[in-house]
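So this block is entry-v2.cif, mmCIF, C-alpha atoms and all ligand atoms:
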```cif
data_structure
loop_
_atom_site.label_atom_id
_atom_site.label_comp_id
_atom_site.auth_asym_id
_atom_site.auth_seq_id
_atom_site.Cartn_x
_atom_site.Cartn_y
_atom_site.Cartn_z
CA MET V 1 94.30 143.52 21.54
CA ALA V 2 94.13 147.09 20.20
CA HIS V 3 97.08 149.33 20.42
CA GLU V 4 99.64 148.42 23.09
CA ASP V 5 101.76 151.05 24.69
CA ILE V 6 105.29 149.62 25.00
CA ASP V 7 107.70 151.20 27.46
CA LYS V 8 110.75 152.26 25.61
CA VAL V 9 113.35 151.58 28.30
CA THR V 10 112.24 148.06 29.37
CA GLY V 11 110.34 146.94 26.28
CA VAL V 12 107.43 145.86 28.55
CA ALA V 13 103.82 146.78 27.78
CA THR V 14 102.25 149.33 30.14
CA THR V 15 98.81 149.09 31.74
CA GLY V 16 97.90 152.44 30.25
CA HIS V 17 97.80 154.06 33.69
CA GLU V 18 99.81 157.19 33.98
CA TRP V 19 100.58 159.57 36.89
CA ASP V 20 102.48 162.71 36.28
CA GLY V 21 104.20 161.15 33.30
CA ILE V 22 105.08 157.92 35.17
CA LYS V 23 103.57 154.84 33.52
CA GLU V 24 102.79 151.55 35.18
CA LEU V 25 104.40 148.46 33.59
CA ASN V 26 102.17 145.45 33.04
CA ASN V 27 104.09 142.61 34.81
CA PRO V 28 101.43 140.02 35.77
CA LEU V 29 102.00 137.60 38.71
CA PRO V 30 103.17 134.10 37.65
CA ARG V 31 100.34 131.65 37.06
CA TRP V 32 101.50 129.10 39.63
CA TRP V 33 101.56 131.81 42.29
CA LEU V 34 98.02 132.87 41.50
CA TRP V 35 96.71 129.32 41.64
CA VAL V 36 98.32 128.70 45.02
CA PHE V 37 96.79 131.96 46.21
CA TYR V 38 93.30 130.94 45.00
CA ALA V 39 93.76 127.52 46.61
CA THR V 40 94.49 129.08 50.00
CA ILE V 41 91.29 131.11 49.73
CA VAL V 42 89.27 128.01 48.96
CA PHE V 43 90.97 126.19 51.83
CA ALA V 44 90.28 129.01 54.26
CA VAL V 45 86.60 129.15 53.36
CA GLY V 46 86.33 125.37 53.77
CA TYR V 47 88.16 125.55 57.08
CA VAL V 48 85.82 128.17 58.46
CA PHE V 49 82.84 125.91 57.73
CA VAL V 50 84.36 122.71 59.03
CA TYR V 51 86.44 123.74 62.05
CA PRO V 52 85.88 126.20 64.91
CA ALA V 53 87.05 129.56 63.52
CA VAL V 54 85.09 132.74 64.15
CA PRO V 55 84.87 134.30 67.61
CA LEU V 56 81.27 135.28 68.46
CA VAL V 57 80.07 137.42 71.33
CA THR V 58 79.75 134.69 73.96
CA SER V 59 81.02 131.69 72.06
CA TYR V 60 82.60 130.84 68.71
CA SER V 61 81.54 129.17 65.44
CA LYS V 62 81.79 125.45 66.18
CA GLY V 63 82.28 124.16 62.62
CA LEU V 64 80.54 121.22 60.97
CA LEU V 65 82.88 118.61 62.52
CA GLY V 66 82.29 119.86 66.08
CA TYR V 67 86.03 119.37 66.71
CA SER V 68 87.53 120.62 69.97
CA GLN V 69 91.15 120.18 71.06
CA ARG V 70 90.10 120.41 74.66
CA ALA V 71 87.52 117.65 74.26
CA SER V 72 89.94 115.41 72.45
CA ALA V 73 92.58 115.94 75.12
CA LEU V 74 90.00 115.14 77.80
CA ASP V 75 89.00 112.02 75.89
CA GLU V 76 92.56 110.80 75.80
CA THR V 77 93.04 111.48 79.51
CA ALA V 78 89.81 109.70 80.34
CA ALA V 79 90.84 106.70 78.27
CA GLY V 80 94.18 106.57 80.10
CA GLN V 81 92.48 106.85 83.48
CA ALA V 82 90.00 104.13 82.58
CA ALA V 83 92.83 101.80 81.62
CA ARG V 84 94.63 102.57 84.87
CA ALA V 85 91.48 102.14 86.94
CA GLU V 86 90.97 98.78 85.25
CA VAL V 87 94.42 97.55 86.37
CA GLY V 88 93.90 99.20 89.77
CA LYS V 89 90.61 97.35 90.20
CA GLY V 90 92.40 94.16 89.26
CA LEU V 91 94.92 94.88 91.99
CA ALA V 92 92.22 95.48 94.60
CA ASN V 93 90.69 92.08 93.97
CA ALA V 94 93.86 90.10 93.39
CA SER V 95 95.90 88.39 96.08
CA LEU V 96 99.54 89.40 96.52
CA GLU V 97 100.67 86.17 94.86
CA GLU V 98 98.37 86.76 91.89
CA ILE V 99 99.78 90.25 91.42
CA LYS V 100 103.32 88.90 91.66
CA ASN V 101 102.58 86.38 88.90
CA ASP V 102 100.80 88.73 86.50
CA PRO V 103 103.34 90.81 84.55
CA LYS V 104 100.91 93.66 83.86
CA MET V 105 99.68 94.01 87.45
CA LEU V 106 103.22 93.53 88.74
CA GLU V 107 104.53 96.37 86.60
CA PHE V 108 101.72 98.63 87.81
CA ALA V 109 102.25 97.65 91.45
CA MET V 110 106.01 98.14 91.28
CA ALA V 111 105.63 101.62 89.78
CA GLN V 112 103.02 102.62 92.33
CA GLY V 113 104.98 101.02 95.17
CA ARG V 114 108.19 102.81 94.22
CA ALA V 115 106.41 106.17 94.09
CA ALA V 116 104.57 105.62 97.39
CA PHE V 117 107.83 104.49 99.01
CA GLY V 118 109.55 107.71 97.99
CA ASP V 119 106.67 109.77 99.37
CA ASN V 120 106.06 107.96 102.66
CA CYS V 121 108.87 105.65 103.65
CA ALA V 122 112.12 107.12 102.38
CA PRO V 123 112.38 109.68 105.23
CA CYS V 124 112.98 106.81 107.66
CA HIS V 125 114.18 103.90 105.55
CA GLY V 126 116.26 105.95 103.11
CA SER V 127 115.51 106.60 99.46
CA GLY V 128 117.33 103.39 98.51
CA ALA V 129 115.54 101.53 101.37
CA THR V 130 118.93 100.72 102.87
CA GLY V 131 117.90 102.10 106.27
CA SER V 132 120.14 103.56 108.95
CA LYS V 133 120.70 103.04 112.66
CA GLY V 134 117.32 102.14 114.18
CA TYR V 135 115.61 102.01 110.77
CA PRO V 136 115.90 98.60 109.19
CA ASN V 137 117.47 97.99 105.81
CA LEU V 138 114.71 96.62 103.59
CA GLN V 139 117.10 95.63 100.81
CA ASP V 140 118.62 92.65 102.58
CA ASP V 141 116.82 89.41 103.36
CA ASP V 142 117.14 89.89 107.12
CA TRP V 143 113.75 90.51 108.66
CA LEU V 144 112.56 91.46 112.12
CA TRP V 145 108.93 90.61 111.49
CA GLY V 146 109.17 88.24 108.53
CA GLY V 147 109.90 88.73 104.87
CA THR V 148 107.03 86.98 103.09
CA LEU V 149 104.61 89.10 101.07
CA ALA V 150 101.94 88.60 103.73
CA ASP V 151 104.31 89.48 106.61
CA ILE V 152 105.43 92.66 104.90
CA GLU V 153 101.88 93.71 104.04
CA GLN V 154 100.90 93.14 107.66
CA THR V 155 103.84 95.16 109.02
CA ILE V 156 103.03 98.06 106.70
CA THR V 157 99.33 97.95 107.53
CA VAL V 158 99.52 97.84 111.34
CA GLY V 159 103.02 99.20 112.00
CA VAL V 160 105.27 98.35 114.95
CA ARG V 161 104.61 99.79 118.42
CA SER V 162 102.30 102.15 116.55
CA THR V 163 98.96 103.77 117.37
CA SER V 164 97.02 100.99 115.63
CA PRO V 165 95.10 98.71 118.03
CA ASP V 166 96.43 95.75 116.00
CA THR V 167 100.02 96.95 115.97
CA ARG V 168 102.91 94.52 116.00
CA MET V 169 104.20 94.84 119.53
CA ASN V 170 106.98 93.43 121.67
CA ASP V 171 109.05 95.45 124.05
CA MET V 172 112.48 94.27 124.99
CA PRO V 173 112.95 94.93 128.73
CA ARG V 174 115.37 97.69 129.77
CA PHE V 175 117.60 95.21 131.61
CA GLY V 176 120.16 97.67 132.91
CA ALA V 177 118.08 100.79 133.33
CA ASP V 178 115.34 98.95 135.22
CA GLY V 179 117.79 97.03 137.42
CA LEU V 180 116.96 93.56 136.07
CA LEU V 181 120.66 92.99 135.49
CA ASP V 182 123.61 94.80 137.04
CA ALA V 183 126.36 96.39 134.97
CA LYS V 184 128.61 93.34 135.18
CA GLN V 185 125.83 91.00 134.08
CA VAL V 186 125.01 93.30 131.17
CA ARG V 187 128.66 93.26 130.13
CA ASN V 188 128.81 89.47 130.37
CA VAL V 189 125.65 88.86 128.35
CA ALA V 190 126.76 91.42 125.76
CA GLY V 191 130.05 89.49 125.57
CA TYR V 192 128.16 86.26 124.97
CA VAL V 193 125.94 87.86 122.29
CA LEU V 194 128.93 89.28 120.42
CA SER V 195 130.83 85.99 120.67
CA LEU V 196 128.08 84.49 118.50
CA SER V 197 129.16 86.61 115.55
CA GLY V 198 132.89 86.35 116.22
CA SER V 199 133.40 89.54 118.26
CA SER V 200 134.06 90.10 121.92
CA VAL V 201 133.56 92.49 124.82
CA LYS V 202 136.58 93.42 126.95
CA GLY V 203 136.57 91.73 130.33
CA ALA V 204 133.31 89.85 129.74
CA ASP V 205 132.81 86.33 131.14
CA VAL V 206 131.21 84.66 128.14
CA GLU V 207 130.20 81.50 130.05
CA ALA V 208 128.43 83.53 132.72
CA GLY V 209 126.90 85.62 129.92
CA LYS V 210 125.54 82.51 128.26
CA GLN V 211 123.78 81.56 131.49
CA ILE V 212 122.24 85.03 131.74
CA PHE V 213 121.14 84.78 128.11
CA VAL V 214 119.39 81.45 128.70
CA GLU V 215 117.55 82.86 131.70
CA ASN V 216 116.60 86.26 130.27
CA CYS V 217 116.78 86.41 126.53
CA THR V 218 115.81 83.13 124.86
CA SER V 219 112.07 83.71 125.30
CA CYS V 220 112.29 86.36 122.59
CA HIS V 221 115.53 85.77 120.72
CA GLY V 222 115.29 81.96 120.74
CA GLU V 223 117.55 79.33 122.30
CA ASP V 224 119.94 79.53 119.38
CA ALA V 225 119.74 83.37 119.50
CA LYS V 226 118.68 83.37 115.88
CA GLY V 227 115.63 85.48 116.65
CA ILE V 228 111.88 84.85 116.53
CA GLN V 229 110.08 86.75 113.79
CA GLU V 230 106.60 86.48 115.33
CA LEU V 231 108.06 88.53 118.19
CA GLY V 232 110.10 90.93 116.08
CA ALA V 233 113.21 89.81 117.96
CA PRO V 234 116.24 89.97 115.70
CA ASN V 235 118.80 87.32 114.96
CA LEU V 236 121.79 88.06 117.20
CA THR V 237 124.18 85.61 115.55
CA ASP V 238 124.62 87.39 112.22
CA LYS V 239 126.58 90.54 111.58
CA VAL V 240 123.48 92.56 110.70
CA TRP V 241 122.80 95.08 113.46
CA LEU V 242 119.90 97.48 113.71
CA TYR V 243 121.42 99.41 116.59
CA GLY V 244 125.12 98.75 116.07
CA GLY V 245 127.25 95.68 116.72
CA ASP V 246 130.19 97.18 118.59
CA GLU V 247 130.73 96.64 122.29
CA GLU V 248 129.35 100.00 123.35
CA SER V 249 126.18 99.76 121.21
CA VAL V 250 125.25 96.26 122.38
CA ILE V 251 125.79 97.20 126.02
CA TYR V 252 123.61 100.26 125.46
CA THR V 253 120.88 98.14 123.80
CA VAL V 254 120.78 95.63 126.67
CA THR V 255 120.78 98.44 129.22
CA HIS V 256 118.12 100.69 127.69
CA ALA V 257 116.42 98.72 124.88
CA HIS V 258 115.24 100.76 121.88
CA ARG V 259 111.65 99.95 120.97
CA GLY V 260 111.68 101.46 117.49
CA VAL V 261 108.39 102.78 116.17
CA MET V 262 107.15 102.10 112.66
CA PRO V 263 103.90 104.02 111.94
CA THR V 264 100.70 102.26 110.90
CA TRP V 265 99.67 102.91 107.29
CA GLY V 266 96.30 101.17 107.27
CA GLY V 267 93.70 103.92 106.88
CA LYS V 268 96.35 106.44 105.82
CA LEU V 269 97.10 104.71 102.52
CA ASP V 270 94.49 102.85 100.51
CA PRO V 271 94.69 99.04 100.34
CA VAL V 272 95.93 99.00 96.74
CA THR V 273 98.82 101.32 97.62
CA ILE V 274 99.69 99.14 100.63
CA LYS V 275 99.64 96.04 98.42
CA SER V 276 101.87 97.80 95.92
CA LEU V 277 104.26 98.78 98.71
CA ALA V 278 104.38 95.19 99.97
CA ILE V 279 105.18 93.95 96.46
CA TYR V 280 107.82 96.63 96.00
CA VAL V 281 109.50 96.04 99.39
CA HIS V 282 109.37 92.27 98.91
CA ASP V 283 111.01 92.67 95.53
CA LEU V 284 113.84 94.63 97.16
CA GLY V 285 114.87 91.71 99.32
CA GLY V 286 111.97 89.65 100.54
CA GLY V 287 111.96 86.00 101.48
CA THR V 288 109.49 83.39 100.34
C1 LIG X 301 108.84 107.21 111.23
C2 LIG X 301 109.78 106.31 110.62
C3 LIG X 301 109.26 105.25 109.68
C4 LIG X 301 108.50 105.43 108.54
C5 LIG X 301 107.95 106.72 107.97
C6 LIG X 301 108.35 104.12 107.97
N1 LIG X 301 108.98 103.19 108.73
FE1 LIG X 301 109.07 101.21 108.34
N2 LIG X 301 110.04 100.92 110.11
C7 LIG X 301 110.46 101.90 110.97
C8 LIG X 301 111.11 101.30 112.11
C9 LIG X 301 111.73 102.03 113.29
C10 LIG X 301 111.05 99.90 111.92
C11 LIG X 301 111.59 98.83 112.86
C12 LIG X 301 110.56 98.47 113.87
C13 LIG X 301 111.08 97.46 114.86
O1 LIG X 301 112.01 97.78 115.61
O2 LIG X 301 110.53 96.36 114.88
C14 LIG X 301 110.37 99.71 110.64
C15 LIG X 301 110.13 98.47 110.10
C16 LIG X 301 109.60 98.25 108.83
C17 LIG X 301 109.42 96.96 108.22
C18 LIG X 301 109.75 95.63 108.86
C19 LIG X 301 111.18 95.28 108.60
C20 LIG X 301 111.54 93.94 109.13
O3 LIG X 301 112.73 93.67 109.17
O4 LIG X 301 110.64 93.14 109.47
C21 LIG X 301 108.88 97.16 106.98
C22 LIG X 301 108.53 96.11 105.96
C23 LIG X 301 108.72 98.58 106.83
N3 LIG X 301 109.16 99.22 107.95
C24 LIG X 301 108.19 99.18 105.71
C25 LIG X 301 107.86 100.53 105.65
C26 LIG X 301 107.12 101.12 104.57
C27 LIG X 301 106.68 100.39 103.31
C28 LIG X 301 106.95 102.42 104.89
C29 LIG X 301 106.21 103.48 104.10
C30 LIG X 301 104.82 103.27 103.85
C31 LIG X 301 107.60 102.65 106.15
N4 LIG X 301 108.14 101.48 106.59
C32 LIG X 301 107.65 103.89 106.80
C33 LIG X 301 110.29 103.25 110.80
C34 LIG X 301 109.55 103.84 109.79
C1 LIG X 302 110.45 90.55 125.44
C2 LIG X 302 111.27 90.15 124.34
C3 LIG X 302 112.78 90.36 124.43
C4 LIG X 302 113.63 89.94 125.40
C5 LIG X 302 113.29 89.17 126.66
C6 LIG X 302 114.95 90.34 124.97
N1 LIG X 302 114.88 91.00 123.80
FE1 LIG X 302 116.45 91.77 122.77
N2 LIG X 302 115.17 92.53 121.42
C7 LIG X 302 113.80 92.35 121.40
C8 LIG X 302 113.24 93.08 120.32
C9 LIG X 302 111.75 93.12 119.95
C10 LIG X 302 114.29 93.73 119.66
C11 LIG X 302 114.15 94.61 118.41
C12 LIG X 302 114.64 95.98 118.55
C13 LIG X 302 113.70 97.06 119.00
O1 LIG X 302 113.28 97.03 120.18
O2 LIG X 302 113.41 97.97 118.20
C14 LIG X 302 115.49 93.35 120.38
C15 LIG X 302 116.77 93.78 120.05
C16 LIG X 302 117.93 93.35 120.67
C17 LIG X 302 119.26 93.74 120.29
C18 LIG X 302 119.60 94.67 119.14
C19 LIG X 302 119.91 93.89 117.89
C20 LIG X 302 120.37 94.74 116.75
O3 LIG X 302 120.26 94.28 115.61
O4 LIG X 302 120.82 95.88 116.96
C21 LIG X 302 120.11 93.12 121.13
C22 LIG X 302 121.62 93.21 121.11
C23 LIG X 302 119.33 92.36 122.04
N3 LIG X 302 118.00 92.52 121.75
C24 LIG X 302 119.84 91.61 123.08
C25 LIG X 302 119.07 91.04 124.06
C26 LIG X 302 119.62 90.40 125.22
C27 LIG X 302 121.08 90.24 125.53
C28 LIG X 302 118.55 90.01 125.96
C29 LIG X 302 118.58 89.33 127.31
C30 LIG X 302 119.34 89.97 128.34
C31 LIG X 302 117.36 90.36 125.25
N4 LIG X 302 117.70 90.99 124.11
C32 LIG X 302 116.08 90.09 125.69
C33 LIG X 302 113.08 91.60 122.29
C34 LIG X 302 113.57 91.03 123.43
#
```
Spit out the file's structure as structure tokens when you get a sec.
Amino acid sequence: MAHEDIDKVTGVATTGHEWDGIKELNNPLPRWWLWVFYATIVFAVGYVFVYPAVPLVTSYSKGLLGYSQRASALDETAAGQAARAEVGKGLANASLEEIKNDPKMLEFAMAQGRAAFGDNCAPCHGSGATGSKGYPNLQDDDWLWGGTLADIEQTITVGVRSTSPDTRMNDMPRFGADGLLDAKQVRNVAGYVLSLSGSSVKGADVEAGKQIFVENCTSCHGEDAKGIQELGAPNLTDKVWLYGGDEESVIYTVTHAHRGVMPTWGGKLDPVTIKSLAIYVHDLGGGT
């Protein structure tokens, strides 16, 4: 190099530029920094060619790879849906027992059943399916209309005293209100019914009540009073009560009957959802 102008104060060479007596020192950028800088330029140019980068008037430069985040997200969603549809199709064609015995279908059905239960059934049966007065507990193994998978699916599909032409149907007579039994007879038969589960009704003649029961009640509740599931007539010998097991409640039931309504879900929910619900409810406390 020819003659270098060295700054006296710092001892650094100047670039030779001078403004009003102020000279510019020649302090070049470090090499490594420059190389990184050049590398980013190369990368950026490559990126512009390969990936979508430049906004155009109506569109944008698509890049050589044709990559699109939107498309790849849609692809992933579609793949997930296809996998679900596959299991769903399996469910549509499988019997309830087959679903129960196939871990993959069972998992799918349980998840769908739980969700559908929360949406459609919890308002009446409770979010934990434990029911309340007039709305049966579906957790226990005590069933009005039967607790097999097929029974439960049928109940859900057609409902009870519902608007479906195939509804499960059986109306207990309003013995007191319609004058089939007088107040004393109602009290006596209530006394007999409660004696079966170890309770009593004040002033009731249990023997007379038993006679009334045989004549009026066994056709639905059975000779042993243990209920008949084809008729939806509950077991009266256990301590599980839909409408209350105290003296007052039982007398009210025999006087007025209740005739609870469970809506029909056939047509409102698709068959796969109904199957899933049957599996889910059966899992809560179903019988074989
Ligand atoms: C409007 C209230 C209501 C809704 C909503 C409802 N249920 Fe019910 N459900 C009832 C009543 C009341 C009964 C009892 C009917 C009777 O007295 O026989 C019942 C009975 C049942 C039974 C029969 C229980 C037994 O012991 O045999 C099953 C199973 C059942 N419901 C499942 C469901 C499912 C699953 C759903 C949601 C898709 C549902 N219910 C929604 C009111 C309802
Ligand atoms: C035609 C059939 C039928 C006859 C006859 C009948 N019941 Fe019922 N009973 C039912 C049905 C169905 C239920 C279910 C409850 C409902 O209506 O929602 C029921 C419910 C009951 C319950 C309520 C049980 C509970 O868990 O809360 C009592 C108590 C009862 N019956 C007593 C009697 C007595 C006593 C007689 C005779 C005097 C009688 N029933 C005759 C069909 C009958």
Q | Residues near stretch 145-156 of chain V, cut-off 10 Å, all atoms listed in the file, skip fewer than 2 positions along chain, as a PyMOL selection string | A | chain V and resi 95-97+100+138+140-143+158-160+166-168+227-234+262-266+269+271+274-283+285-288
Please return the centre and edge lengths, in Å to one decimal, of a box with edges along x, y and z that contains all listed atoms of stretch 95-101 of chain V, widened by 6 Å on every side, as AutoDock Vina command-line options.
```
--center_x 99.6 --center_y 88.2 --center_z 92.7 --size_x 19.4 --size_y 16.1 --size_z 19.6
```
Please identify the residues whose atoms come within 6 Å of ligand LIG 302 (chain X), using only C-alpha atoms and all ligand atoms, and report them as a PDB file with C-alpha atoms, in the coordinates of the input.
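So the final result, stored in result-v2.pdb, reads:
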```pdb
ATOM      1  CA  ASN V 170     106.980  93.430 121.670  1.00  0.00           C
ATOM      2  CA  ASP V 171     109.050  95.450 124.050  1.00  0.00           C
ATOM      3  CA  MET V 172     112.480  94.270 124.990  1.00  0.00           C
ATOM      4  CA  VAL V 189     125.650  88.860 128.350  1.00  0.00           C
ATOM      5  CA  ALA V 190     126.760  91.420 125.760  1.00  0.00           C
ATOM      6  CA  PHE V 213     121.140  84.780 128.110  1.00  0.00           C
ATOM      7  CA  ASN V 216     116.600  86.260 130.270  1.00  0.00           C
ATOM      8  CA  CYS V 217     116.780  86.410 126.530  1.00  0.00           C
ATOM      9  CA  SER V 219     112.070  83.710 125.300  1.00  0.00           C
ATOM     10  CA  CYS V 220     112.290  86.360 122.590  1.00  0.00           C
ATOM     11  CA  GLY V 232     110.100  90.930 116.080  1.00  0.00           C
ATOM     12  CA  ALA V 233     113.210  89.810 117.960  1.00  0.00           C
ATOM     13  CA  PRO V 234     116.240  89.970 115.700  1.00  0.00           C
ATOM     14  CA  TRP V 241     122.800  95.080 113.460  1.00  0.00           C
ATOM     15  CA  LEU V 242     119.900  97.480 113.710  1.00  0.00           C
ATOM     16  CA  TYR V 243     121.420  99.410 116.590  1.00  0.00           C
ATOM     17  CA  GLY V 244     125.120  98.750 116.070  1.00  0.00           C
ATOM     18  CA  VAL V 250     125.250  96.260 122.380  1.00  0.00           C
ATOM     19  CA  THR V 253     120.880  98.140 123.800  1.00  0.00           C
ATOM     20  CA  VAL V 254     120.780  95.630 126.670  1.00  0.00           C
ATOM     21  CA  ALA V 257     116.420  98.720 124.880  1.00  0.00           C
ATOM     22  CA  HIS V 258     115.240 100.760 121.880  1.00  0.00           C
ATOM     23  CA  ARG V 259     111.650  99.950 120.970  1.00  0.00           C
ATOM     24  CA  GLY V 260     111.680 101.460 117.490  1.00  0.00           C
TER      25      GLY V 260
END
```
**Q.** Atom-to-atom span, atom CA of V:Ala94 and atom C27 of ligand LIG 301 (chain X), Å
**A.**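 Result for atom CA of V:Ala94 versus atom C27 of ligand LIG 301 (chain X): 19.2 Å, one decimal.
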Q) What does the distance from atom CA of V:Ala115 to atom CA of V:Pro165 come to in Å, to one decimal? A) 27.5 Å
Q. Got a sec: who's within 10 Å of V:Val48, counting all atoms listed in the file, leaving out chain neighbours fewer than 6 positions off, as a list in words?
A.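 These residues fall inside the cut-off: Val54, Ser61, Lys62, Gly63 and Leu64 of chain V.
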Q: Counting all atoms listed in the file, find the residues whose atoms lie at most 12 Å from (118.2, 104.0, 108.8) (file coordinates) and write them out as a PyMOL selection string.
A: chain V and resi 121-139+241-244+260+262
Q) At what distance in Å, to one decimal, does atom CA of V:Val36 lie from atom CA of V:Phe49? A)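 According to the coordinates, atom CA of V:Phe49 and atom CA of V:Val36 are separated by 20.2 Å.
For the set V:Leu144, V:Thr15, V:Gly46, V:Leu284, the residue with the smallest atom-to-atom gap to V:His3 is V:Thr15, counting only C-alpha atoms.
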Q) Between V:Val272, V:Val206, V:Leu180, V:Met169, which one has atoms that come closest to ligand LIG 301 (chain X), using only C-alpha atoms and all ligand atoms? A) V:Met169
Q: Select, from V:Val42, V:Leu194, V:Phe117, V:Glu4, the residue with the minimum atom-to-atom distance to V:Gly16, counting all atoms listed in the file.
A: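 Nearest to V:Gly16: V:Glu4.
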